[in-house]
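Engineer: Please read through the structure below; I'll follow up with questions.
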Amino acid sequence: MDFKRVKDYFSWLYYQYQIISCCAVLEPWEQSMFNTILLTIVAMVVYTAYVFIPIHIRLAWEFFSKICGYHSTISN
């Protein structure tokens with residue numbers, strides 16, 4: 001794979017991100033603040049999903065298995 005094409009593709013993706021999020025019209029310090037806040041929010045969402053989604057899936061599985069009459073062997 002050609003590294004120049006990969007670099008051009010990532011620069012195009014970054015340009016699209018700037019246009020969509022209107023970062024292109026911000027000053028450099030405003031861009032860094034916006035990117036920091038956005039990265040923090042994304043990190044918190046990913047962490048919360050990693051921690052809580054398995055718990056909710058297990059609880060939903062237990063709830064629906066009791067409704068359907070299936071007794072799971074999952075121990076608490």
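Going by the structure tokens order, chains are called A, B, ..., each with residues numbered from 1, while ligands are numbered from 1 in the order shown.
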Could you tell me, as an MDAnalysis selection string, which residues of chain A DSSP assigns to helix (DSSP H, G or I) when given the backbone?
Structural biologist: chainID A and resid 3:20 23:25 28:68
Engineer: Quick one: residues within 9 Å of Asn35 (chain A), only C-alpha atoms, excluding same-chain residues fewer than 5 positions away - as a JSON list (two decimals) with all heavy atoms, in the first residue's frame?
Structural biologist:
```json
[["chain", "number", "residue", "atom", "x", "y", "z"],
["A", 23, "CYS", "N", -14.77, 23.37, 12.85],
["A", 23, "CYS", "CA", -13.50, 23.70, 13.49],
["A", 23, "CYS", "C", -12.62, 24.55, 12.58],
["A", 23, "CYS", "O", -11.68, 25.19, 13.06],
["A", 23, "CYS", "CB", -12.73, 22.44, 13.86],
["A", 23, "CYS", "SG", -13.25, 21.73, 15.41],
["A", 30, "GLU", "N", -8.88, 27.59, 20.20],
["A", 30, "GLU", "CA", -10.27, 27.13, 20.27],
["A", 30, "GLU", "C", -10.41, 25.73, 19.69],
["A", 30, "GLU", "O", -11.17, 24.91, 20.21],
["A", 30, "GLU", "CB", -11.17, 28.10, 19.51],
["A", 30, "GLU", "CG", -11.28, 29.47, 20.14],
["A", 30, "GLU", "CD", -12.01, 30.47, 19.27],
["A", 30, "GLU", "OE1", -11.95, 30.38, 18.03],
["A", 30, "GLU", "OE2", -12.65, 31.36, 19.85],
["A", 40, "THR", "N", -12.71, 13.94, 25.32],
["A", 40, "THR", "CA", -13.10, 13.56, 26.68],
["A", 40, "THR", "C", -14.50, 12.95, 26.70],
["A", 40, "THR", "O", -14.74, 11.93, 27.36],
["A", 40, "THR", "CB", -13.04, 14.79, 27.61],
["A", 40, "THR", "OG1", -11.73, 15.34, 27.57],
["A", 40, "THR", "CG2", -13.41, 14.42, 29.03]]
```
